[in-house]
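So this one's final.tsv, TSV, C-alpha atoms:
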chain	number	residue	atom	x	y	z
A	4	MET	CA	26.15	-10.01	8.85
A	5	THR	CA	24.29	-7.72	6.46
A	6	LEU	CA	26.28	-5.84	3.85
A	7	ALA	CA	24.57	-2.63	2.75
A	8	TYR	CA	25.67	-1.41	-0.65
A	9	ASP	CA	24.28	1.14	-3.09
A	10	TYR	CA	24.82	0.08	-6.70
A	11	ASN	CA	25.63	3.19	-8.73
A	12	ASP	CA	24.82	5.14	-5.54
A	13	ASP	CA	21.12	4.28	-5.74
A	14	TYR	CA	20.53	0.52	-6.15
A	15	ASP	CA	19.86	-0.75	-2.63
A	16	HIS	CA	20.24	-4.34	-1.58
A	17	GLU	CA	21.29	-6.60	1.29
A	18	VAL	CA	23.72	-9.54	1.23
A	19	PRO	CA	23.64	-11.59	4.43
A	20	GLY	CA	25.03	-15.11	4.84
A	21	HIS	CA	27.68	-17.31	3.28
A	22	GLY	CA	27.59	-20.18	0.83
A	23	PRO	CA	25.99	-20.59	-2.61
A	24	ALA	CA	24.41	-17.33	-3.78
A	25	LEU	CA	20.67	-16.80	-3.94
A	26	VAL	CA	19.08	-13.69	-5.44
A	27	LEU	CA	15.57	-12.84	-4.24
A	28	LEU	CA	13.66	-10.80	-6.82
A	29	HIS	CA	10.46	-9.16	-5.64
A	30	SER	CA	7.10	-8.74	-7.36
A	31	GLY	CA	5.88	-5.52	-8.93
A	32	VAL	CA	3.43	-5.05	-6.05
A	33	CYS	CA	6.10	-5.20	-3.35
A	34	ASP	CA	9.77	-4.50	-2.73
A	35	ARG	CA	12.60	-6.48	-1.15
A	36	ARG	CA	10.72	-6.51	2.17
A	37	MET	CA	8.36	-9.15	0.74
A	38	TRP	CA	11.13	-11.67	1.49
A	39	ASP	CA	11.23	-10.82	5.21
A	40	PRO	CA	9.62	-14.20	6.07
A	41	GLN	CA	12.18	-16.16	3.99
A	42	TRP	CA	15.62	-14.55	4.01
A	43	GLN	CA	16.78	-15.58	7.50
A	44	ALA	CA	15.68	-19.19	6.99
A	45	LEU	CA	17.63	-19.25	3.71
A	46	VAL	CA	20.72	-17.84	5.43
A	47	ASP	CA	20.34	-20.42	8.21
A	48	ALA	CA	20.12	-23.15	5.55
A	49	GLY	CA	23.63	-22.20	4.39
A	50	TYR	CA	23.14	-19.70	1.59
A	51	ARG	CA	24.36	-16.21	0.78
A	52	VAL	CA	21.23	-14.17	0.10
A	53	VAL	CA	21.19	-11.11	-2.17
A	54	ARG	CA	17.98	-9.12	-1.72
A	55	PRO	CA	17.78	-6.05	-4.00
A	56	ASP	CA	15.10	-3.50	-4.71
A	57	PHE	CA	14.40	-2.94	-8.39
A	58	ARG	CA	14.62	0.66	-9.52
A	59	GLY	CA	11.43	2.47	-8.55
A	60	PHE	CA	10.78	0.29	-5.52
A	61	GLY	CA	11.73	0.38	-1.85
A	62	ASP	CA	14.87	2.42	-1.29
A	63	THR	CA	15.92	2.52	-4.95
A	64	PRO	CA	14.78	5.59	-6.94
A	65	LEU	CA	14.27	5.68	-10.67
A	66	PRO	CA	17.13	7.24	-12.65
A	67	ASP	CA	16.63	10.01	-15.22
A	68	ARG	CA	17.18	7.52	-18.03
A	69	ARG	CA	15.80	4.23	-19.22
A	70	HIS	CA	17.07	1.06	-17.57
A	71	ASN	CA	16.78	-2.73	-17.76
A	72	ASP	CA	16.21	-4.66	-14.54
A	73	ALA	CA	17.92	-7.84	-15.75
A	74	GLU	CA	21.05	-5.89	-16.65
A	75	ASP	CA	20.94	-4.18	-13.25
A	76	VAL	CA	20.85	-7.54	-11.45
A	77	LEU	CA	23.72	-8.89	-13.54
A	78	ALA	CA	25.76	-5.75	-12.86
A	79	LEU	CA	25.07	-6.14	-9.13
A	80	LEU	CA	26.32	-9.73	-9.23
A	81	ASP	CA	29.45	-8.55	-11.03
A	82	THR	CA	30.03	-5.93	-8.35
A	83	LEU	CA	29.66	-8.56	-5.62
A	84	GLY	CA	31.95	-11.01	-7.41
A	85	ILE	CA	29.17	-13.62	-7.82
A	86	GLU	CA	29.69	-15.62	-11.00
A	87	GLN	CA	26.59	-17.78	-10.69
A	88	ALA	CA	23.45	-17.60	-8.54
A	89	THR	CA	20.10	-19.26	-8.01
A	90	LEU	CA	17.20	-16.90	-8.64
A	91	ILE	CA	14.12	-17.00	-6.40
A	92	ALA	CA	11.60	-14.67	-7.93
A	93	SER	CA	7.98	-13.57	-7.58
A	94	SER	CA	5.68	-12.30	-10.34
A	95	TYR	CA	7.45	-9.45	-12.20
A	96	GLY	CA	10.67	-10.58	-10.55
A	97	GLY	CA	10.14	-13.93	-12.23
A	98	GLU	CA	9.96	-12.26	-15.62
A	99	VAL	CA	13.30	-10.59	-14.85
A	100	ALA	CA	14.75	-13.92	-13.70
A	101	VAL	CA	13.72	-15.63	-16.94
A	102	GLU	CA	15.26	-12.81	-18.96
A	103	ILE	CA	18.54	-13.24	-17.07
A	104	ALA	CA	18.46	-17.03	-17.53
A	105	ALA	CA	17.81	-16.65	-21.27
A	106	ARG	CA	20.39	-13.95	-21.90
A	107	ARG	CA	23.09	-15.33	-19.60
A	108	PRO	CA	22.41	-19.01	-18.89
A	109	ASP	CA	25.94	-19.37	-17.54
A	110	ARG	CA	25.07	-17.05	-14.64
A	111	VAL	CA	22.02	-18.97	-13.37
A	112	ALA	CA	22.38	-22.19	-11.38
A	113	ALA	CA	18.65	-22.72	-10.84
A	114	MET	CA	15.36	-20.81	-10.59
A	115	ALA	CA	12.36	-20.95	-8.30
A	116	LEU	CA	9.56	-18.91	-9.88
A	117	LEU	CA	6.52	-17.99	-7.79
A	118	CYS	CA	3.47	-17.00	-9.86
A	119	SER	CA	5.89	-15.68	-12.44
A	120	GLY	CA	5.49	-13.36	-15.35
A	121	LEU	CA	7.09	-14.31	-18.66
A	122	PRO	CA	8.80	-12.19	-21.31
A	123	GLY	CA	6.51	-11.79	-24.31
A	124	HIS	CA	3.35	-12.95	-22.52
A	125	GLN	CA	0.18	-11.48	-24.00
A	126	PRO	CA	-2.19	-10.57	-21.17
A	127	THR	CA	-5.69	-11.97	-20.91
A	128	ASP	CA	-8.69	-9.64	-20.90
A	129	GLU	CA	-8.83	-9.98	-17.10
A	130	LEU	CA	-5.26	-8.83	-16.58
A	131	ARG	CA	-5.63	-6.07	-19.16
A	132	ALA	CA	-8.78	-4.83	-17.39
A	133	PHE	CA	-6.87	-4.70	-14.10
A	134	GLY	CA	-4.12	-2.59	-15.70
A	135	GLU	CA	-6.63	-0.22	-17.26
A	136	ARG	CA	-8.46	0.26	-13.95
A	137	GLU	CA	-5.19	0.90	-12.12
A	138	ASP	CA	-4.22	3.51	-14.72
A	139	GLU	CA	-7.62	5.22	-14.40
A	140	LEU	CA	-7.29	5.49	-10.62
A	141	LEU	CA	-3.75	6.86	-10.76
A	142	GLU	CA	-4.60	9.36	-13.49
A	143	ALA	CA	-7.48	10.57	-11.30
A	144	GLY	CA	-5.10	11.03	-8.38
A	145	ASP	CA	-6.75	8.22	-6.40
A	146	VAL	CA	-3.62	6.51	-5.08
A	147	ASP	CA	-5.58	4.99	-2.19
A	148	GLY	CA	-7.95	3.36	-4.65
A	149	ALA	CA	-5.09	2.02	-6.76
A	150	VAL	CA	-3.41	0.59	-3.66
A	151	GLU	CA	-6.58	-1.19	-2.56
A	152	LEU	CA	-7.15	-2.52	-6.08
A	153	ASN	CA	-3.72	-4.15	-5.95
A	154	VAL	CA	-4.16	-5.55	-2.46
A	155	ASP	CA	-7.54	-7.05	-3.36
A	156	THR	CA	-6.32	-8.43	-6.70
A	157	TRP	CA	-3.03	-9.98	-5.71
A	158	LEU	CA	-3.57	-11.42	-2.23
A	159	GLY	CA	-5.48	-14.65	-1.78
A	160	PRO	CA	-7.79	-15.61	1.09
A	161	GLU	CA	-4.92	-17.01	3.18
A	162	ALA	CA	-3.42	-13.53	3.66
A	163	ASP	CA	-4.16	-12.10	7.09
A	164	GLU	CA	-4.60	-8.41	7.84
A	165	ALA	CA	-0.92	-7.96	8.79
A	166	VAL	CA	0.14	-9.25	5.36
A	167	ARG	CA	-2.46	-7.09	3.63
A	168	GLU	CA	-1.15	-4.05	5.49
A	169	ALA	CA	2.45	-4.90	4.57
A	170	VAL	CA	1.58	-5.18	0.87
A	171	ARG	CA	-0.49	-2.01	1.15
A	172	ALA	CA	2.55	-0.13	2.50
A	173	MET	CA	4.95	-1.50	-0.13
A	174	GLN	CA	2.59	-0.76	-3.02
A	175	ARG	CA	1.84	2.75	-1.77
A	176	HIS	CA	5.55	3.53	-1.47
A	177	ALA	CA	6.20	2.17	-4.97
A	178	PHE	CA	3.48	4.41	-6.40
A	179	GLU	CA	4.96	7.41	-4.60
A	180	VAL	CA	8.44	6.71	-5.97
A	181	GLN	CA	7.21	6.00	-9.49
A	182	LEU	CA	4.83	8.96	-9.70
A	183	ALA	CA	7.77	11.21	-8.76
A	184	ALA	CA	9.99	9.68	-11.46
A	185	PRO	CA	12.27	12.12	-13.29
A	186	GLU	CA	11.82	12.81	-16.98
A	187	GLY	CA	13.37	10.10	-19.12
A	188	ALA	CA	12.82	7.28	-16.61
A	189	GLY	CA	11.45	3.96	-17.81
A	190	ARG	CA	12.23	0.30	-18.49
A	191	ASN	CA	13.84	-1.06	-21.62
A	192	LYS	CA	12.34	-4.39	-22.66
A	193	VAL	CA	14.49	-6.91	-24.47
A	194	GLU	CA	13.32	-9.82	-26.60
A	195	VAL	CA	14.78	-13.11	-25.43
A	196	ASP	CA	15.03	-16.70	-26.70
A	197	LEU	CA	13.29	-18.80	-24.06
A	198	ALA	CA	14.86	-21.93	-25.54
A	199	ALA	CA	18.18	-20.66	-24.19
A	200	VAL	CA	17.07	-21.23	-20.58
A	201	LYS	CA	18.94	-24.27	-19.22
A	202	ALA	CA	18.72	-23.93	-15.44
A	203	PRO	CA	16.64	-26.35	-13.37
A	204	CYS	CA	13.40	-24.62	-12.47
A	205	LEU	CA	10.59	-24.95	-9.96
A	206	ALA	CA	7.44	-23.14	-11.11
A	207	LEU	CA	4.87	-22.49	-8.39
A	208	SER	CA	1.40	-21.22	-9.23
A	209	GLY	CA	-1.59	-20.28	-7.10
A	210	GLY	CA	-4.97	-21.89	-7.54
A	211	ARG	CA	-6.62	-18.58	-6.56
A	212	ASP	CA	-4.43	-16.43	-8.83
A	213	LEU	CA	-5.35	-14.69	-12.09
A	214	PRO	CA	-5.44	-17.06	-15.11
A	215	ASP	CA	-2.36	-15.47	-16.73
A	216	PHE	CA	0.04	-16.65	-14.06
A	217	ARG	CA	-1.49	-20.11	-13.74
A	218	GLN	CA	-1.19	-20.51	-17.51
A	219	ILE	CA	2.42	-19.32	-17.55
A	220	ALA	CA	3.46	-21.77	-14.82
A	221	ALA	CA	1.72	-24.64	-16.59
A	222	ARG	CA	3.55	-23.79	-19.83
A	223	LEU	CA	7.04	-23.61	-18.36
A	224	PRO	CA	7.77	-27.39	-18.38
A	225	ASP	CA	7.22	-27.33	-22.15
A	226	LEU	CA	9.35	-24.20	-22.62
A	227	PHE	CA	12.35	-25.02	-20.40
A	228	VAL	CA	14.40	-28.21	-20.44
A	229	ASP	CA	14.30	-29.04	-16.70
A	230	THR	CA	11.19	-27.61	-15.04
A	231	ARG	CA	8.67	-28.91	-12.51
A	232	HIS	CA	5.31	-27.18	-12.05
A	233	VAL	CA	3.51	-27.30	-8.71
A	234	GLU	CA	0.17	-25.56	-8.17
A	235	LEU	CA	-0.70	-24.49	-4.64
A	236	PRO	CA	-4.51	-24.72	-4.60
A	237	TRP	CA	-4.90	-22.34	-1.65
A	238	ALA	CA	-2.64	-19.59	-2.99
A	239	GLY	CA	-3.32	-16.25	-4.58
A	240	HIS	CA	-0.57	-14.36	-6.36
A	241	LEU	CA	1.84	-13.94	-3.42
A	242	PRO	CA	2.10	-17.35	-1.72
A	243	SER	CA	5.40	-16.55	0.02
A	244	LEU	CA	3.50	-13.96	2.05
A	245	GLU	CA	0.20	-15.84	2.33
A	246	ARG	CA	1.67	-19.03	3.84
A	247	PRO	CA	5.33	-18.12	4.43
A	248	VAL	CA	6.39	-21.15	6.48
A	249	GLU	CA	4.99	-23.62	3.95
A	250	VAL	CA	6.53	-21.84	0.96
A	251	THR	CA	9.90	-21.43	2.68
A	252	ALA	CA	10.00	-25.19	3.23
A	253	VAL	CA	9.20	-25.81	-0.45
A	254	LEU	CA	12.00	-23.47	-1.50
A	255	ILE	CA	14.57	-25.04	0.80
A	256	ASP	CA	13.65	-28.54	-0.40
A	257	PHE	CA	14.17	-27.39	-4.00
A	258	LEU	CA	17.50	-25.79	-3.14
A	259	ARG	CA	18.73	-28.91	-1.41
A	260	GLU	CA	17.86	-30.95	-4.50
A	261	THR	CA	19.57	-28.58	-6.94
A	262	LEU	CA	22.20	-26.62	-5.00
A	263	PRO	CA	23.04	-28.15	-1.60
A	264	ALA	CA	24.86	-25.81	0.75
A	265	ALA	CA	28.21	-26.87	2.25
A	266	GLY	CA	27.80	-29.11	5.25
A	267	TRP	CA	24.34	-30.35	4.22
A	268	ARG	CA	23.90	-33.86	2.86
A	269	MET	CA	20.92	-35.30	1.02
A	270	PRO	CA	19.35	-38.03	3.17
A	271	THR	CA	19.76	-41.60	1.88
A	272	GLY	CA	17.46	-44.56	2.18

Output the file's structure in the form of structure tokens.
Amino acid sequence: MTLAYDYNDDYDHEVPGHGPALVLLHSGVCDRRMWDPQWQALVDAGYRVVRPDFRGFGDTPLPDRRHNDAEDVLALLDTLGIEQATLIASSYGGEVAVEIAARRPDRVAAMALLCSGLPGHQPTDELRAFGEREDELLEAGDVDGAVELNVDTWLGPEADEAVREAVRAMQRHAFEVQLAAPEGAGRNKVEVDLAAVKAPCLALSGGRDLPDFRQIAARLPDLFVDTRHVELPWAGHLPSLERPVEVTAVLIDFLRETLPAAGWRMPTG
């Protein structure tokens, strides 16, 4: 069963399933629909899956004040009565997940980070050039150009046209929501102590991704106490969309190692 709930009347999410809680945090190119290929398999594996939209994405508008996405996720968990959850997060969602794990390590059972951002990361010239080009296109009113820039930058060669069209639609909608943001809207960034992260972590990177995200994933085993890095040589920046069946299997294997659902037993021998 899917529970629809609007946090503070405007924070949309879905909560299907039963069992240990998982929170799926989307990238800054997409919205909660990016997890369409994964969420049912995770429910079937015995988990309760929370799938929110960040503010300014999907069905969640931006408020007329500044906000913090990590605090929003924690408040959502409080509302749902979830004391601890595993965070599965992509790109910008990974940055939010790390902030949550650093600020409230007691609330995070484990993390699976897919081509994750990192609080405090200083962008390379390549990533900075992408951001500058995106800003130029949006300031010129060329939303179509900005959408295509994102699709071309973030999807690897394994993405078929249906996936490219899905990302195109999610990114376009995000631009429309964000360009219509009320005065006063924006994100509050918080400095965090990465040494405070204690949760077991799987860090996936894409061999065809921008250098920033490959470098971040490679650094995480040195930054966090219990982290394994796996690079997917075929992947761009959104592997869960590019090869969804393969990535879903990797995620479920990690979950069964770190947070087995009731009724499932680790094979022996």

Interatomic distance (Å, one decimal) between atom CA of A:Arg211 and atom CA of A:Gly96: 19.5 Å

If you take only C-alpha atoms and a cut-off of 12 Å, which residues of stretch 163-241 of chain A touch stretch 109-128 of chain A, and what are their nearest atom pairs and distances in Å to one decimal, in chain and number order, as JSON lines?
{"residue": "A:Lys192", "atom": "CA", "partner": "A:Pro122", "partner_atom": "CA", "distance": 8.7}
{"residue": "A:Val193", "atom": "CA", "partner": "A:Pro122", "partner_atom": "CA", "distance": 8.4}
{"residue": "A:Glu194", "atom": "CA", "partner": "A:Pro122", "partner_atom": "CA", "distance": 7.4}
{"residue": "A:Val195", "atom": "CA", "partner": "A:Pro122", "partner_atom": "CA", "distance": 7.3}
{"residue": "A:Asp196", "atom": "CA", "partner": "A:Pro122", "partner_atom": "CA", "distance": 9.4}
{"residue": "A:Leu197", "atom": "CA", "partner": "A:Pro122", "partner_atom": "CA", "distance": 8.5}
{"residue": "A:Ala199", "atom": "CA", "partner": "A:Asp109", "partner_atom": "CA", "distance": 10.3}
{"residue": "A:Val200", "atom": "CA", "partner": "A:Val111", "partner_atom": "CA", "distance": 9.0}
{"residue": "A:Lys201", "atom": "CA", "partner": "A:Val111", "partner_atom": "CA", "distance": 8.5}
{"residue": "A:Ala202", "atom": "CA", "partner": "A:Ala113", "partner_atom": "CA", "distance": 4.8}
{"residue": "A:Pro203", "atom": "CA", "partner": "A:Ala113", "partner_atom": "CA", "distance": 4.9}
{"residue": "A:Cys204", "atom": "CA", "partner": "A:Met114", "partner_atom": "CA", "distance": 4.7}
{"residue": "A:Leu205", "atom": "CA", "partner": "A:Ala115", "partner_atom": "CA", "distance": 4.7}
{"residue": "A:Ala206", "atom": "CA", "partner": "A:Leu116", "partner_atom": "CA", "distance": 4.9}
{"residue": "A:Leu207", "atom": "CA", "partner": "A:Leu117", "partner_atom": "CA", "distance": 4.8}
{"residue": "A:Ser208", "atom": "CA", "partner": "A:Cys118", "partner_atom": "CA", "distance": 4.7}
{"residue": "A:Gly209", "atom": "CA", "partner": "A:Cys118", "partner_atom": "CA", "distance": 6.6}
{"residue": "A:Gly210", "atom": "CA", "partner": "A:Cys118", "partner_atom": "CA", "distance": 10.0}
{"residue": "A:Arg211", "atom": "CA", "partner": "A:Cys118", "partner_atom": "CA", "distance": 10.7}
{"residue": "A:Asp212", "atom": "CA", "partner": "A:Cys118", "partner_atom": "CA", "distance": 8.0}
{"residue": "A:Leu213", "atom": "CA", "partner": "A:Thr127", "partner_atom": "CA", "distance": 9.2}
{"residue": "A:Pro214", "atom": "CA", "partner": "A:Thr127", "partner_atom": "CA", "distance": 7.7}
{"residue": "A:Asp215", "atom": "CA", "partner": "A:Thr127", "partner_atom": "CA", "distance": 6.4}
{"residue": "A:Phe216", "atom": "CA", "partner": "A:Cys118", "partner_atom": "CA", "distance": 5.4}
{"residue": "A:Arg217", "atom": "CA", "partner": "A:Cys118", "partner_atom": "CA", "distance": 7.0}
{"residue": "A:Gln218", "atom": "CA", "partner": "A:Cys118", "partner_atom": "CA", "distance": 9.6}
{"residue": "A:Ile219", "atom": "CA", "partner": "A:Leu121", "partner_atom": "CA", "distance": 6.9}
{"residue": "A:Ala220", "atom": "CA", "partner": "A:Cys118", "partner_atom": "CA", "distance": 6.9}
{"residue": "A:Ala221", "atom": "CA", "partner": "A:Cys118", "partner_atom": "CA", "distance": 10.3}
{"residue": "A:Arg222", "atom": "CA", "partner": "A:Leu121", "partner_atom": "CA", "distance": 10.2}
{"residue": "A:Leu223", "atom": "CA", "partner": "A:Leu121", "partner_atom": "CA", "distance": 9.3}
{"residue": "A:Leu226", "atom": "CA", "partner": "A:Leu121", "partner_atom": "CA", "distance": 10.9}
{"residue": "A:Phe227", "atom": "CA", "partner": "A:Met114", "partner_atom": "CA", "distance": 11.1}
{"residue": "A:Val228", "atom": "CA", "partner": "A:Ala113", "partner_atom": "CA", "distance": 11.8}
{"residue": "A:Asp229", "atom": "CA", "partner": "A:Ala113", "partner_atom": "CA", "distance": 9.7}
{"residue": "A:Thr230", "atom": "CA", "partner": "A:Met114", "partner_atom": "CA", "distance": 9.1}
{"residue": "A:Arg231", "atom": "CA", "partner": "A:Ala115", "partner_atom": "CA", "distance": 9.7}
{"residue": "A:His232", "atom": "CA", "partner": "A:Leu116", "partner_atom": "CA", "distance": 9.5}
{"residue": "A:Val233", "atom": "CA", "partner": "A:Leu117", "partner_atom": "CA", "distance": 9.8}
{"residue": "A:Glu234", "atom": "CA", "partner": "A:Cys118", "partner_atom": "CA", "distance": 9.3}
{"residue": "A:Leu235", "atom": "CA", "partner": "A:Cys118", "partner_atom": "CA", "distance": 10.0}
{"residue": "A:Ala238", "atom": "CA", "partner": "A:Cys118", "partner_atom": "CA", "distance": 9.6}
{"residue": "A:Gly239", "atom": "CA", "partner": "A:Cys118", "partner_atom": "CA", "distance": 8.6}
{"residue": "A:His240", "atom": "CA", "partner": "A:Cys118", "partner_atom": "CA", "distance": 6.0}
{"residue": "A:Leu241", "atom": "CA", "partner": "A:Cys118", "partner_atom": "CA", "distance": 7.3}

Could you work out how far atom CA of A:Pro263 lies from atom CA of A:His21, giving the answer in Å with one decimal? 12.8 Å

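Here atom CA of A:Ala100 stands at a distance of 21.5 Å from atom CA of A:Ala188.
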
Looking at only C-alpha atoms, which of A:Ser93, A:Arg190, A:Asp145, A:Glu161 is the one that sits closest to A:Ala73? A:Arg190

Choose the residue, out of A:Asn71, A:Thr82, A:Trp157, A:Pro66, that has the smallest atom-to-atom separation from A:Val53; count only C-alpha atoms.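 With only C-alpha atoms as the atom set, the closest residue is A:Thr82.
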
Please provide the set of residues having any atom within 6 Å of A:Ala92, restricted to all atoms listed in the file, with same-chain residues fewer than 5 positions apart removed, written as a PDB file with C-alpha atoms, in the frame of the given file.
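Generated output (out29.pdb):
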ATOM      1  CA  LEU A  27      15.570 -12.840  -4.240  1.00  0.00           C
ATOM      2  CA  LEU A  28      13.660 -10.800  -6.820  1.00  0.00           C
ATOM      3  CA  GLY A  97      10.140 -13.930 -12.230  1.00  0.00           C
ATOM      4  CA  LEU A 116       9.560 -18.910  -9.880  1.00  0.00           C
TER       5      LEU A 116
END

Nearest residue to A:Gly84 out of A:Ala44, A:Val170, A:Ala24, A:Val253, using all atoms listed in the file?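 Answer, going by the shortest atom-to-atom distance: A:Ala24.
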
Identify, on the basis of only C-alpha atoms, every residue whose closest approach to A:His176 does not exceed 10 Å; exclude the query and any residue fewer than 5 positions from it along the same chain; express the result as an MDAnalysis selection string. chainID A and resid 32:34 59:62 150 170:171 181:182

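The nearest approach to A:Asp72 among the residues A:Arg246, A:Arg131, A:His29, A:Arg51, with all atoms listed in the file taken into account, belongs to A:His29.
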
Contacts of A:Ala183 at 9 Å or less, counting only C-alpha atoms, minus same-chain residues fewer than 4 places along, as a list in words? Leu65, Phe178 and Glu179 of chain A

Env of A:Tyr50: 7 Å cut, atoms = only C-alpha atoms, seq-sep filter 3 positions within chain, self excluded. Answer as a list in words.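 Counting only C-alpha atoms, the residues come to Gly20, His21, Gly22, Pro23, Ala24, Leu25, Leu45, Val46 and Ala264 of chain A.
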
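Take the candidates A:Asp67, A:Ala48, A:Pro40, A:Val250 and check each one against A:Pro185 using all atoms listed in the file; the shortest distance goes to A:Asp67.
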
Using all atoms listed in the file for the distances, tell me which of A:Leu254, A:Ala143, A:Leu130, A:Leu77 is nearest to A:Ile91.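 For A:Ile91, the nearest of the candidates is A:Leu254.
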
Rebuild stretch 116-130 of chain A to N, CA, C and O atoms - output it as a tab-separated table (two decimals), in the coordinates of the input, please.
chain	number	residue	atom	x	y	z
A	116	LEU	N	10.42	-19.98	-9.39
A	116	LEU	CA	9.56	-18.91	-9.88
A	116	LEU	C	8.19	-19.03	-9.22
A	116	LEU	O	7.52	-20.06	-9.36
A	117	LEU	N	7.78	-17.99	-8.52
A	117	LEU	CA	6.52	-17.99	-7.79
A	117	LEU	C	5.52	-17.10	-8.54
A	117	LEU	O	5.67	-15.88	-8.59
A	118	CYS	N	4.52	-17.74	-9.14
A	118	CYS	CA	3.47	-17.00	-9.86
A	118	CYS	C	4.11	-16.00	-10.82
A	118	CYS	O	3.79	-14.81	-10.83
A	119	SER	N	4.99	-16.50	-11.65
A	119	SER	CA	5.89	-15.68	-12.44
A	119	SER	C	5.23	-15.08	-13.67
A	119	SER	O	4.34	-15.67	-14.29
A	120	GLY	N	5.72	-13.90	-14.03
A	120	GLY	CA	5.49	-13.36	-15.35
A	120	GLY	C	6.42	-14.03	-16.34
A	120	GLY	O	7.27	-14.86	-15.98
A	121	LEU	N	6.28	-13.70	-17.61
A	121	LEU	CA	7.09	-14.31	-18.66
A	121	LEU	C	7.32	-13.29	-19.76
A	121	LEU	O	6.36	-12.66	-20.23
A	122	PRO	N	8.56	-13.10	-20.20
A	122	PRO	CA	8.80	-12.19	-21.31
A	122	PRO	C	7.96	-12.56	-22.53
A	122	PRO	O	7.89	-13.73	-22.91
A	123	GLY	N	7.31	-11.56	-23.12
A	123	GLY	CA	6.51	-11.79	-24.31
A	123	GLY	C	5.10	-12.27	-24.06
A	123	GLY	O	4.33	-12.45	-25.03
A	124	HIS	N	4.72	-12.47	-22.81
A	124	HIS	CA	3.35	-12.95	-22.52
A	124	HIS	C	2.32	-11.90	-22.93
A	124	HIS	O	2.45	-10.72	-22.62
A	125	GLN	N	1.28	-12.35	-23.61
A	125	GLN	CA	0.18	-11.48	-24.00
A	125	GLN	C	-0.92	-11.58	-22.95
A	125	GLN	O	-1.47	-12.66	-22.73
A	126	PRO	N	-1.25	-10.49	-22.29
A	126	PRO	CA	-2.19	-10.57	-21.17
A	126	PRO	C	-3.59	-10.96	-21.60
A	126	PRO	O	-4.05	-10.64	-22.70
A	127	THR	N	-4.28	-11.66	-20.69
A	127	THR	CA	-5.69	-11.97	-20.91
A	127	THR	C	-6.52	-10.70	-20.72
A	127	THR	O	-6.04	-9.68	-20.22
A	128	ASP	N	-7.79	-10.78	-21.09
A	128	ASP	CA	-8.69	-9.64	-20.90
A	128	ASP	C	-8.78	-9.26	-19.42
A	128	ASP	O	-8.88	-8.07	-19.08
A	129	GLU	N	-8.73	-10.25	-18.54
A	129	GLU	CA	-8.83	-9.98	-17.10
A	129	GLU	C	-7.64	-9.18	-16.60
A	129	GLU	O	-7.80	-8.20	-15.87
A	130	LEU	N	-6.44	-9.57	-17.02
A	130	LEU	CA	-5.26	-8.83	-16.58
A	130	LEU	C	-5.21	-7.45	-17.23
A	130	LEU	O	-4.84	-6.46	-16.59
